[in-house]
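What follows is the content of work-v8.cif, which has mmCIF, C-alpha atoms:
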```
data_run
loop_
_atom_site.label_atom_id
_atom_site.label_comp_id
_atom_site.auth_asym_id
_atom_site.auth_seq_id
_atom_site.Cartn_x
_atom_site.Cartn_y
_atom_site.Cartn_z
CA MET G 23 -33.16 89.08 140.75
CA ARG G 24 -35.26 89.18 137.61
CA SER G 25 -32.14 89.17 135.43
CA GLN G 26 -30.63 86.24 137.35
CA GLU G 27 -33.88 84.30 137.08
CA ALA G 28 -34.05 84.92 133.33
CA ASP G 29 -30.45 83.76 132.90
CA ARG G 30 -31.21 80.57 134.81
CA PHE G 31 -34.28 79.87 132.70
CA ARG G 32 -32.25 80.40 129.51
CA ASP G 33 -29.54 78.00 130.75
CA LEU G 34 -32.13 75.33 131.59
CA LEU G 35 -33.86 75.86 128.25
CA ALA G 36 -30.57 75.39 126.39
CA ALA G 37 -29.71 72.27 128.43
CA GLU G 38 -33.09 70.65 127.72
CA ARG G 39 -32.76 71.42 124.02
CA ARG G 40 -29.29 69.87 123.95
CA SER G 41 -30.64 66.72 125.63
CA ALA G 42 -33.50 66.52 123.12
CA ASP G 43 -31.06 66.88 120.21
CA LEU G 44 -28.86 64.14 121.67
CA TYR G 45 -31.74 61.70 122.11
CA ASP G 46 -32.89 62.43 118.57
CA GLY G 47 -29.37 61.79 117.26
CA LEU G 48 -29.10 58.50 119.13
CA ALA G 49 -32.57 57.44 118.02
CA GLN G 50 -31.43 57.71 114.40
CA ALA G 51 -28.71 55.15 115.16
CA ALA G 52 -31.10 52.77 116.96
CA THR G 53 -33.80 50.44 115.72
CA GLY G 54 -37.05 48.97 116.99
CA GLU G 55 -37.95 49.47 120.63
CA ARG G 56 -34.81 51.39 121.46
CA ARG G 57 -35.52 53.96 118.75
CA GLU G 58 -39.05 54.43 120.09
CA ILE G 59 -37.81 54.86 123.67
CA LEU G 60 -35.09 57.35 122.71
CA THR G 61 -37.58 59.31 120.62
CA GLU G 62 -39.96 59.42 123.58
CA LEU G 63 -37.14 60.71 125.81
CA ALA G 64 -36.44 63.46 123.26
CA THR G 65 -40.12 64.40 123.37
CA VAL G 66 -40.00 64.65 127.16
CA GLU G 67 -36.93 66.89 127.01
CA ARG G 68 -38.68 69.16 124.50
CA ARG G 69 -41.64 69.38 126.85
CA HIS G 70 -39.27 70.51 129.59
CA ALA G 71 -37.74 73.03 127.21
CA ALA G 72 -41.19 74.38 126.39
CA HIS G 73 -41.80 74.90 130.12
CA TRP G 74 -38.69 77.07 130.47
CA ALA G 75 -39.56 78.96 127.31
CA LYS G 76 -42.95 79.70 128.82
CA ARG G 77 -41.35 80.95 132.03
CA LEU G 78 -39.16 83.32 130.02
CA THR G 79 -42.22 84.62 128.21
CA GLU G 80 -43.96 85.19 131.53
CA LEU G 81 -41.01 87.33 132.61
CA GLY G 82 -41.32 89.33 129.40
CA GLU G 83 -38.00 88.00 128.12
CA PRO G 84 -37.40 86.86 124.54
CA VAL G 85 -37.06 83.13 123.95
CA PRO G 86 -33.75 82.27 122.22
CA GLU G 87 -33.90 80.43 118.92
CA PRO G 88 -32.83 76.76 119.07
CA ALA G 89 -29.12 76.34 118.44
CA SER G 90 -27.62 73.70 116.19
CA PRO G 91 -26.44 70.49 117.92
CA GLY G 92 -23.20 71.01 119.85
CA PRO G 93 -19.93 69.07 119.49
CA ARG G 94 -20.79 66.56 122.25
CA THR G 95 -24.13 65.75 120.64
CA ARG G 96 -22.54 65.35 117.19
CA LEU G 97 -19.71 63.21 118.59
CA LEU G 98 -21.95 60.84 120.56
CA SER G 99 -24.40 60.54 117.66
CA TRP G 100 -21.54 59.73 115.27
CA LEU G 101 -20.12 57.12 117.66
CA ALA G 102 -23.55 55.50 117.96
CA ARG G 103 -23.88 55.31 114.16
CA ARG G 104 -20.29 54.22 113.56
CA PHE G 105 -19.95 51.62 116.30
CA SER G 106 -23.15 50.86 118.22
CA ILE G 107 -25.77 52.58 120.35
CA ASN G 108 -24.44 50.36 123.15
CA ALA G 109 -21.11 52.16 122.97
CA VAL G 110 -22.55 55.46 124.22
CA LEU G 111 -25.34 54.32 126.55
CA PRO G 112 -23.02 54.06 129.61
CA TYR G 113 -21.85 57.67 129.14
CA LEU G 114 -25.41 58.89 128.72
CA GLU G 115 -26.58 56.92 131.75
CA ARG G 116 -23.93 58.50 133.97
CA ALA G 117 -24.89 61.98 132.81
CA GLU G 118 -28.58 61.33 133.51
CA ARG G 119 -27.79 59.98 136.96
CA ALA G 120 -25.86 63.15 137.73
CA ASP G 121 -28.92 65.23 136.71
CA ALA G 122 -31.50 62.97 138.39
CA GLY G 123 -32.21 65.49 141.18
CA LEU G 124 -32.02 68.57 138.98
CA TYR G 125 -35.62 69.69 139.57
CA GLN G 126 -36.19 68.03 142.94
CA ASP G 127 -36.35 71.27 144.95
CA ASP G 128 -36.81 73.73 142.10
CA PRO G 129 -39.92 75.86 142.77
CA ASP G 130 -40.05 76.91 139.12
CA ALA G 131 -40.22 73.33 137.80
CA THR G 132 -43.28 71.11 137.88
CA ALA G 133 -43.49 67.92 139.94
CA ALA G 134 -43.77 65.92 136.72
CA MET G 135 -40.46 67.33 135.50
CA ALA G 136 -38.70 66.11 138.65
CA VAL G 137 -40.20 62.65 138.16
CA ASP G 138 -39.17 62.63 134.50
CA GLU G 139 -35.54 63.45 135.30
CA ARG G 140 -35.32 60.71 137.93
CA SER G 141 -36.82 58.16 135.57
CA HIS G 142 -34.49 58.89 132.63
CA ALA G 143 -31.48 57.24 134.27
CA ARG G 144 -33.57 54.18 135.15
CA VAL G 145 -34.84 53.89 131.58
CA LEU G 146 -31.31 54.06 130.17
CA THR G 147 -30.09 51.52 132.73
CA GLN G 148 -32.82 49.13 131.65
CA LEU G 149 -31.95 49.65 127.99
CA ARG G 150 -28.31 48.85 128.68
CA ARG G 151 -29.03 45.86 130.90
CA GLU G 152 -31.51 44.13 128.63
CA PRO G 153 -29.76 40.94 127.46
CA TRP G 154 -29.97 41.91 123.79
CA HIS G 155 -28.63 45.40 124.50
CA ARG G 156 -25.48 44.47 126.37
CA GLY G 157 -22.15 46.17 125.65
CA ASP G 158 -20.52 46.83 122.34
CA ARG G 159 -19.21 43.38 121.40
CA SER G 160 -17.55 44.64 118.26
CA GLY G 161 -14.83 45.96 120.56
CA ALA G 162 -14.00 48.58 117.94
CA LEU G 163 -14.64 51.63 120.10
CA ARG G 164 -12.83 50.16 123.09
CA ALA G 165 -9.90 49.14 120.91
CA ALA G 166 -9.76 52.60 119.33
CA VAL G 167 -9.71 54.48 122.63
CA PHE G 168 -7.09 52.27 124.24
CA GLY G 169 -5.12 52.07 121.01
CA VAL G 170 -4.70 55.84 120.69
CA ASN G 171 -3.74 56.14 124.36
CA ASP G 172 -1.26 53.28 124.23
CA GLY G 173 0.30 54.43 120.97
CA LEU G 174 0.66 58.00 122.13
CA VAL G 175 2.04 57.29 125.60
CA SER G 176 4.28 54.34 124.75
CA ASN G 177 5.87 55.79 121.62
CA THR G 178 6.29 59.23 123.16
CA SER G 179 8.11 57.60 126.07
CA LEU G 180 10.25 55.54 123.67
CA VAL G 181 11.23 58.53 121.53
CA MET G 182 11.93 60.69 124.59
CA GLY G 183 14.18 57.95 125.98
CA PHE G 184 16.28 57.93 122.81
CA ALA G 185 16.28 61.73 122.69
CA GLY G 186 17.46 61.90 126.28
CA SER G 187 20.30 59.51 125.52
CA GLY G 188 21.70 61.97 122.96
CA ALA G 189 21.02 59.74 119.95
CA GLY G 190 20.97 61.32 116.50
CA ALA G 191 17.79 62.30 114.68
CA THR G 192 18.01 59.31 112.32
CA VAL G 193 18.31 56.85 115.21
CA ILE G 194 15.39 58.50 117.02
CA LEU G 195 13.29 58.43 113.85
CA PHE G 196 13.84 54.75 113.19
CA ALA G 197 13.32 53.92 116.87
CA GLY G 198 9.98 55.74 116.75
CA LEU G 199 8.94 54.00 113.53
CA ALA G 200 9.99 50.62 114.94
CA GLY G 201 7.96 51.32 118.09
CA LEU G 202 4.97 52.33 115.97
CA LEU G 203 5.04 49.19 113.83
CA ALA G 204 5.81 46.79 116.68
CA GLY G 205 3.15 48.26 118.94
CA ALA G 206 0.46 48.51 116.26
CA LEU G 207 0.98 44.94 115.05
CA SER G 208 1.12 43.62 118.61
CA MET G 209 -2.10 45.41 119.53
CA ALA G 210 -3.84 44.18 116.39
CA ALA G 211 -2.72 40.58 116.90
CA GLY G 212 -3.79 40.60 120.55
CA GLU G 213 -7.17 42.14 119.75
CA TYR G 214 -7.78 39.67 116.92
CA ILE G 215 -7.01 36.64 119.09
CA SER G 216 -9.09 37.99 121.96
CA MET G 217 -12.12 38.79 119.80
CA ARG G 218 -11.80 35.55 117.86
CA SER G 219 -11.80 33.50 121.06
CA GLN G 220 -14.78 35.45 122.38
CA ARG G 221 -16.74 34.98 119.15
CA GLU G 222 -16.02 31.25 119.09
CA ALA G 223 -17.25 30.95 122.68
CA TYR G 224 -20.49 32.77 121.79
CA GLU G 225 -20.99 30.61 118.69
CA ARG G 226 -20.53 27.48 120.77
CA GLU G 227 -23.18 28.65 123.25
CA ILE G 228 -25.63 29.29 120.40
CA ALA G 229 -24.84 25.91 118.84
CA LEU G 230 -25.57 24.19 122.16
CA GLU G 231 -28.85 26.08 122.41
CA ALA G 232 -29.77 24.97 118.87
CA ARG G 233 -29.10 21.36 119.87
CA GLU G 234 -31.33 21.70 122.94
CA LEU G 235 -34.12 23.14 120.79
CA ARG G 236 -33.81 20.18 118.44
CA ASP G 237 -33.63 17.48 121.11
CA ASP G 238 -36.07 18.80 123.71
CA PRO G 239 -38.28 21.60 122.33
CA GLU G 240 -40.90 21.13 125.09
CA ALA G 241 -38.39 21.87 127.82
CA GLU G 242 -37.13 24.90 125.93
CA ALA G 243 -40.70 26.17 125.52
CA GLU G 244 -41.21 25.84 129.27
CA GLU G 245 -37.96 27.67 129.92
CA LEU G 246 -38.93 30.49 127.57
CA ALA G 247 -42.33 30.80 129.26
CA LEU G 248 -40.59 31.10 132.64
CA ILE G 249 -38.43 33.88 131.28
CA TYR G 250 -41.48 35.84 130.15
CA ARG G 251 -43.21 35.21 133.48
CA ALA G 252 -40.15 36.68 135.20
CA LYS G 253 -40.60 39.75 133.00
CA GLY G 254 -44.12 40.24 134.34
CA LEU G 255 -46.46 38.24 132.07
CA ASP G 256 -49.00 35.95 133.68
CA ARG G 257 -48.71 32.20 133.18
CA ASP G 258 -51.22 31.88 130.34
CA GLU G 259 -49.86 34.84 128.40
CA ALA G 260 -46.26 33.71 128.86
CA GLU G 261 -47.06 30.20 127.64
CA ARG G 262 -48.99 31.56 124.67
CA VAL G 263 -46.10 33.81 123.61
CA ALA G 264 -43.58 30.99 124.07
CA ALA G 265 -45.69 28.56 122.05
CA THR G 266 -46.04 31.06 119.23
CA ILE G 267 -42.29 31.66 119.08
CA MET G 268 -41.47 27.95 119.19
CA LYS G 269 -43.44 27.32 116.00
CA ASP G 270 -40.54 28.85 114.03
CA ARG G 271 -37.23 27.11 114.79
CA ASP G 272 -35.07 30.02 113.60
CA ALA G 273 -37.12 32.56 115.56
CA ALA G 274 -36.97 30.31 118.61
CA LEU G 275 -33.18 30.05 118.44
CA ASP G 276 -32.81 33.80 117.97
CA THR G 277 -35.13 34.47 120.91
CA MET G 278 -33.46 31.94 123.22
CA ALA G 279 -30.03 33.32 122.35
CA ARG G 280 -31.16 36.80 123.32
CA GLU G 281 -33.35 35.95 126.31
CA GLU G 282 -31.46 33.05 127.90
CA LEU G 283 -27.87 33.63 126.81
CA GLY G 284 -27.96 37.40 126.56
CA LEU G 285 -26.41 37.27 123.07
CA ASP G 286 -27.34 38.99 119.84
CA PRO G 287 -26.61 36.48 117.06
CA ASP G 288 -26.17 39.34 114.61
CA GLU G 289 -23.60 41.17 116.75
CA LEU G 290 -21.09 38.65 118.03
CA GLY G 291 -18.16 40.93 117.21
CA SER G 292 -15.76 41.05 114.29
CA PRO G 293 -12.15 40.05 115.07
CA ILE G 294 -10.92 41.68 111.86
CA SER G 295 -12.76 44.93 112.58
CA ALA G 296 -11.43 45.07 116.14
CA ALA G 297 -7.87 44.26 115.01
CA ALA G 298 -7.94 46.86 112.25
CA SER G 299 -9.34 49.49 114.58
CA SER G 300 -6.67 48.70 117.16
CA LEU G 301 -3.86 48.83 114.59
CA VAL G 302 -4.95 52.12 113.04
CA SER G 303 -5.68 53.85 116.35
CA PHE G 304 -2.35 52.80 117.89
CA ALA G 305 -0.52 54.01 114.80
CA LEU G 306 -2.34 57.35 114.88
CA GLY G 307 -1.30 57.88 118.47
CA ALA G 308 2.27 56.66 117.94
CA VAL G 309 2.99 58.72 114.82
CA VAL G 310 2.45 62.07 116.56
CA VAL G 311 5.86 62.14 118.23
CA VAL G 312 7.63 60.73 115.17
CA LEU G 313 6.48 63.38 112.68
CA PRO G 314 8.91 66.16 113.74
CA TYR G 315 11.91 63.88 113.15
CA LEU G 316 10.83 63.37 109.54
CA PHE G 317 11.47 67.05 108.83
CA ALA G 318 13.92 68.32 111.46
CA SER G 319 16.60 67.27 113.92
CA GLY G 320 18.25 68.38 117.14
CA THR G 321 16.56 70.77 119.55
CA ALA G 322 13.96 71.92 117.01
CA ALA G 323 12.71 68.36 116.45
CA LEU G 324 12.71 67.64 120.19
CA VAL G 325 10.72 70.77 121.04
CA ALA G 326 8.23 70.06 118.24
CA ALA G 327 7.86 66.42 119.34
CA VAL G 328 7.21 67.43 122.95
CA SER G 329 4.70 70.08 121.84
CA PHE G 330 2.82 67.74 119.49
CA ALA G 331 2.72 64.97 122.09
CA GLY G 332 1.48 67.35 124.78
CA LEU G 333 -1.31 68.70 122.58
CA ALA G 334 -2.33 65.18 121.54
CA LEU G 335 -2.36 63.92 125.13
CA PHE G 336 -4.55 66.81 126.20
CA ALA G 337 -6.89 66.36 123.20
CA VAL G 338 -7.34 62.63 123.82
CA GLY G 339 -8.00 63.22 127.51
CA ALA G 340 -10.47 66.00 126.76
CA MET G 341 -12.35 63.81 124.28
CA ILE G 342 -12.64 61.01 126.85
CA GLY G 343 -13.86 63.57 129.37
CA VAL G 344 -16.57 64.77 126.97
CA LEU G 345 -17.69 61.20 126.34
CA ASN G 346 -17.89 60.56 130.07
CA GLY G 347 -19.92 63.70 130.65
CA ARG G 348 -17.04 65.17 132.69
CA GLY G 349 -15.13 68.38 132.27
CA ALA G 350 -12.96 68.35 129.17
CA LEU G 351 -10.32 70.61 130.73
CA ARG G 352 -9.83 68.49 133.83
CA ALA G 353 -9.70 65.22 131.90
CA GLY G 354 -7.29 66.70 129.36
CA VAL G 355 -4.92 68.02 132.03
CA ARG G 356 -5.00 64.69 133.85
CA GLN G 357 -4.12 62.80 130.68
CA LEU G 358 -1.34 65.28 129.94
CA LEU G 359 0.16 64.88 133.41
CA VAL G 360 0.03 61.08 133.35
CA GLY G 361 1.36 60.64 129.81
CA GLY G 362 3.85 63.47 130.13
CA GLY G 363 5.09 62.09 133.44
CA ALA G 364 5.77 58.70 131.87
CA ALA G 365 7.71 60.29 129.00
CA LEU G 366 9.68 62.47 131.42
CA VAL G 367 10.74 59.44 133.47
CA VAL G 368 12.05 57.62 130.39
CA PHE G 369 13.77 60.78 129.10
CA THR G 370 15.49 61.16 132.49
CA VAL G 371 16.67 57.55 132.44
CA GLY G 372 18.06 57.97 128.92
CA HIS G 373 19.74 61.24 129.80
CA ALA G 374 21.31 59.77 132.97
CA ARG G 375 22.83 56.96 130.90
CA TYR G 376 24.08 59.50 128.39
CA LEU G 377 25.84 61.44 131.16
#
```

The structure given in the file should be rewritten as structure tokens.
Amino acid sequence: MRSQEADRFRDLLAAERRSADLYDGLAQAATGERREILTELATVERRHAAHWAKRLTELGEPVPEPASPGPRTRLLSWLARRFSINAVLPYLERAERADAGLYQDDPDATAAMAVDERSHARVLTQLRREPWHRGDRSGALRAAVFGVNDGLVSNTSLVMGFAGSGAGATVILFAGLAGLLAGALSMAAGEYISMRSQREAYEREIALEARELRDDPEAEAEELALIYRAKGLDRDEAERVAATIMKDRDAALDTMAREELGLDPDELGSPISAAASSLVSFALGAVVVVLPYLFASGTAALVAAVSFAGLALFAVGAMIGVLNGRGALRAGVRQLLVGGGAALVVFTVGHARYL
């Protein structure tokens, strides 16, 4: 029993340290209030870790040295820096919700620890739902994930269809390259048009708000005061804050865009960035099954193409699973079965025509 208890304390200690490292990593990618909140969450997790370290000491067990941040922590921190903190908040929120009752009935945890764990998910939900913290409008991360999946599945299916038909290696190679180029350019064009239209719609909303501020600043001041009253300020304080903000036209427009429209004027999304991300990610996924036909032909090329595609499908699925806080193995196998099943269907159709 003592050994089992010590193992449990060590597992909880390691989990709390990993959470603290993750919050620290995300805080480095955030600014202002969000950085402060994430840093505070890291401090809470370290306090929990210290509790489990103390329990180990009370058992007479050595306290393990802190480990370096794991792959999930490094990946999420990198995504937050590269794209936006908003890109990873949904994944983190789901993980915290799953752990909300972790210490609810644990006799070795304190009551405060149980309260802390339940509150973490609520704090992250509030961060994500604040108007100026809404989703990743750059679309780059979304485009990258869907681009790799689409490129991998669609081009693998295309190449397998030609391979099943008995076509020569040269025909299969050029079919794969044509599928890569056509798909990548189509994805990029679609993403550019979509993001461009979205950005123009946001810019129009901000322009309309600027016109309202110019034509009727009193009404806008009243509206801003109502917003702050809805957030919990009393009437006098809300009106004082609104009046202070309205003295600066640029600050007033920025505030109204964030508070009333839920838009961040500095992050309306880049159509070029989203298109480029979509093009590159689709191409990366699509090229996997083409590579073997650059260097081989016949059965050897087919076996290599199937192997490469299978490994890539599993890897992409596992990465998505890690981001979602789910099991990497299960997510990887699911992606392999879905993508592999699609390729098998097309291969069968091509082979039937060949026969």

Using only C-alpha atoms, which of the listed residues (G:Ala274, G:Ala109, G:Ala247, G:Leu301) sits closest to Arg262 of chain G?
G:Ala247

Go through G:Ala200, G:Leu63, G:Ala185, G:Leu313 one by one, measure the shortest atom-to-atom distance of each to Val371 of chain G using all atoms listed in the file, and give the residue with the smallest value.
G:Ala185

For the atom pair atom CA of Leu335 of chain G and atom CA of Gln357 of chain G, what is the interatomic distance in Å to one decimal place?
5.9 Å

Name the residues, using the chain letters and numbers of the file, that sit within 12 Å of (5.2, 68.1, 121.6) when counting only C-alpha atoms, and give them as an mmCIF file with C-alpha atoms, in the frame of the given file.
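part12.cif written:
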```cif
data_model
loop_
_atom_site.group_PDB
_atom_site.id
_atom_site.type_symbol
_atom_site.label_atom_id
_atom_site.label_comp_id
_atom_site.auth_asym_id
_atom_site.auth_seq_id
_atom_site.Cartn_x
_atom_site.Cartn_y
_atom_site.Cartn_z
ATOM 1 C CA LEU G 174 0.660 58.000 122.130
ATOM 2 C CA VAL G 175 2.040 57.290 125.600
ATOM 3 C CA THR G 178 6.290 59.230 123.160
ATOM 4 C CA SER G 179 8.110 57.600 126.070
ATOM 5 C CA VAL G 181 11.230 58.530 121.530
ATOM 6 C CA MET G 182 11.930 60.690 124.590
ATOM 7 C CA VAL G 309 2.990 58.720 114.820
ATOM 8 C CA VAL G 310 2.450 62.070 116.560
ATOM 9 C CA VAL G 311 5.860 62.140 118.230
ATOM 10 C CA VAL G 312 7.630 60.730 115.170
ATOM 11 C CA LEU G 313 6.480 63.380 112.680
ATOM 12 C CA PRO G 314 8.910 66.160 113.740
ATOM 13 C CA TYR G 315 11.910 63.880 113.150
ATOM 14 C CA THR G 321 16.560 70.770 119.550
ATOM 15 C CA ALA G 322 13.960 71.920 117.010
ATOM 16 C CA ALA G 323 12.710 68.360 116.450
ATOM 17 C CA LEU G 324 12.710 67.640 120.190
ATOM 18 C CA VAL G 325 10.720 70.770 121.040
ATOM 19 C CA ALA G 326 8.230 70.060 118.240
ATOM 20 C CA ALA G 327 7.860 66.420 119.340
ATOM 21 C CA VAL G 328 7.210 67.430 122.950
ATOM 22 C CA SER G 329 4.700 70.080 121.840
ATOM 23 C CA PHE G 330 2.820 67.740 119.490
ATOM 24 C CA ALA G 331 2.720 64.970 122.090
ATOM 25 C CA GLY G 332 1.480 67.350 124.780
ATOM 26 C CA LEU G 333 -1.310 68.700 122.580
ATOM 27 C CA ALA G 334 -2.330 65.180 121.540
ATOM 28 C CA LEU G 335 -2.360 63.920 125.130
ATOM 29 C CA PHE G 336 -4.550 66.810 126.200
ATOM 30 C CA LEU G 358 -1.340 65.280 129.940
ATOM 31 C CA GLY G 361 1.360 60.640 129.810
ATOM 32 C CA GLY G 362 3.850 63.470 130.130
ATOM 33 C CA ALA G 365 7.710 60.290 129.000
#
```

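Here atom CA of Ile215 of chain G and atom CA of Pro293 of chain G stand 7.4 Å from one another.
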
Can you list, as JSON, numbers by chain, every protein, DNA or RNA residue that comes within 8 Å of Tyr224 of chain G when you count all atoms listed in the file, leaving out same-chain residues fewer than 4 positions away?
{"G": [220, 228, 285, 290]}

Go through the shown structure with the PyMOL selection byres ((chain G and resi 127-136) around 12) and write out the matching residues as a PyMOL selection string.
chain G and resi 27-28+30-31+34-35+38+66-78+80+121-126+137-142

If I take atom CA of Ser300 of chain G and atom CA of Arg218 of chain G, how far is one from the other in Å, to one decimal?
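Atom-to-atom, atom CA of Ser300 of chain G and atom CA of Arg218 of chain G are spaced 14.1 Å apart.
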
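Distances from G:Leu44, G:Arg257, G:Ala298, G:Leu275 to Glu244 of chain G were compared using all atoms listed in the file, and the smallest one belongs to G:Arg257.
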
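Distances here use only C-alpha atoms; by that measure, the residue among G:Ala273, G:Ala64, G:Leu48, G:Ile59 closest to Leu101 of chain G is G:Leu48.
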
Residue neighbourhood Glu58 of chain G, 12 Å, only C-alpha atoms, exclusion window fewer than 5 positions, as a list of chain:residue names:
G:Tyr45, G:Asp46, G:Leu48, G:Ala49, G:Gln50, G:Ala51, G:Ala52, G:Thr53, G:Leu63, G:Ala64, G:Thr65, G:Leu149

With N, CA and C atoms as the goal, would you fill in the gaps in segment 326-347 of chain G and present it as a short mmCIF file (atom, residue, chain, number, x, y, z; two decimals), in the frame of the given file?
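Okay, rebuild.cif is ready:
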```
data_model
loop_
_atom_site.label_atom_id
_atom_site.label_comp_id
_atom_site.auth_asym_id
_atom_site.auth_seq_id
_atom_site.Cartn_x
_atom_site.Cartn_y
_atom_site.Cartn_z
N ALA G 326 9.45 70.32 119.00
CA ALA G 326 8.23 70.06 118.24
C ALA G 326 7.58 68.76 118.68
N ALA G 327 8.40 67.72 118.91
CA ALA G 327 7.86 66.42 119.34
C ALA G 327 7.16 66.53 120.69
N VAL G 328 7.81 67.25 121.62
CA VAL G 328 7.21 67.43 122.95
C VAL G 328 5.91 68.21 122.84
N SER G 329 5.90 69.26 122.00
CA SER G 329 4.70 70.08 121.84
C SER G 329 3.55 69.28 121.22
N PHE G 330 3.85 68.55 120.15
CA PHE G 330 2.82 67.74 119.49
C PHE G 330 2.25 66.69 120.44
N ALA G 331 3.17 66.01 121.17
CA ALA G 331 2.72 64.97 122.09
C ALA G 331 1.86 65.56 123.20
N GLY G 332 2.26 66.71 123.72
CA GLY G 332 1.48 67.35 124.78
C GLY G 332 0.09 67.73 124.31
N LEU G 333 0.00 68.32 123.13
CA LEU G 333 -1.31 68.70 122.58
C LEU G 333 -2.18 67.47 122.35
N ALA G 334 -1.56 66.40 121.82
CA ALA G 334 -2.33 65.18 121.54
C ALA G 334 -2.81 64.53 122.83
N LEU G 335 -1.95 64.49 123.85
CA LEU G 335 -2.36 63.92 125.13
C LEU G 335 -3.54 64.69 125.72
N PHE G 336 -3.45 66.00 125.66
CA PHE G 336 -4.55 66.81 126.20
C PHE G 336 -5.83 66.59 125.40
N ALA G 337 -5.71 66.53 124.06
CA ALA G 337 -6.89 66.36 123.20
C ALA G 337 -7.57 65.02 123.46
N VAL G 338 -6.77 63.95 123.57
CA VAL G 338 -7.34 62.63 123.82
C VAL G 338 -8.04 62.61 125.18
N GLY G 339 -7.39 63.17 126.19
CA GLY G 339 -8.00 63.22 127.51
C GLY G 339 -9.28 64.02 127.52
N ALA G 340 -9.28 65.16 126.82
CA ALA G 340 -10.47 66.00 126.76
C ALA G 340 -11.62 65.28 126.06
N MET G 341 -11.31 64.55 124.99
CA MET G 341 -12.35 63.81 124.28
C MET G 341 -12.97 62.74 125.18
N ILE G 342 -12.13 62.03 125.93
CA ILE G 342 -12.64 61.01 126.85
C ILE G 342 -13.50 61.67 127.92
N GLY G 343 -13.08 62.85 128.38
CA GLY G 343 -13.86 63.57 129.37
C GLY G 343 -15.23 63.95 128.84
N VAL G 344 -15.29 64.40 127.59
CA VAL G 344 -16.57 64.77 126.97
C VAL G 344 -17.47 63.54 126.87
N LEU G 345 -16.90 62.42 126.46
CA LEU G 345 -17.69 61.20 126.34
C LEU G 345 -18.23 60.74 127.68
N ASN G 346 -17.47 60.98 128.74
CA ASN G 346 -17.89 60.56 130.07
C ASN G 346 -18.81 61.56 130.75
N GLY G 347 -19.09 62.67 130.06
CA GLY G 347 -19.92 63.70 130.65
C GLY G 347 -19.18 64.49 131.72
#
```
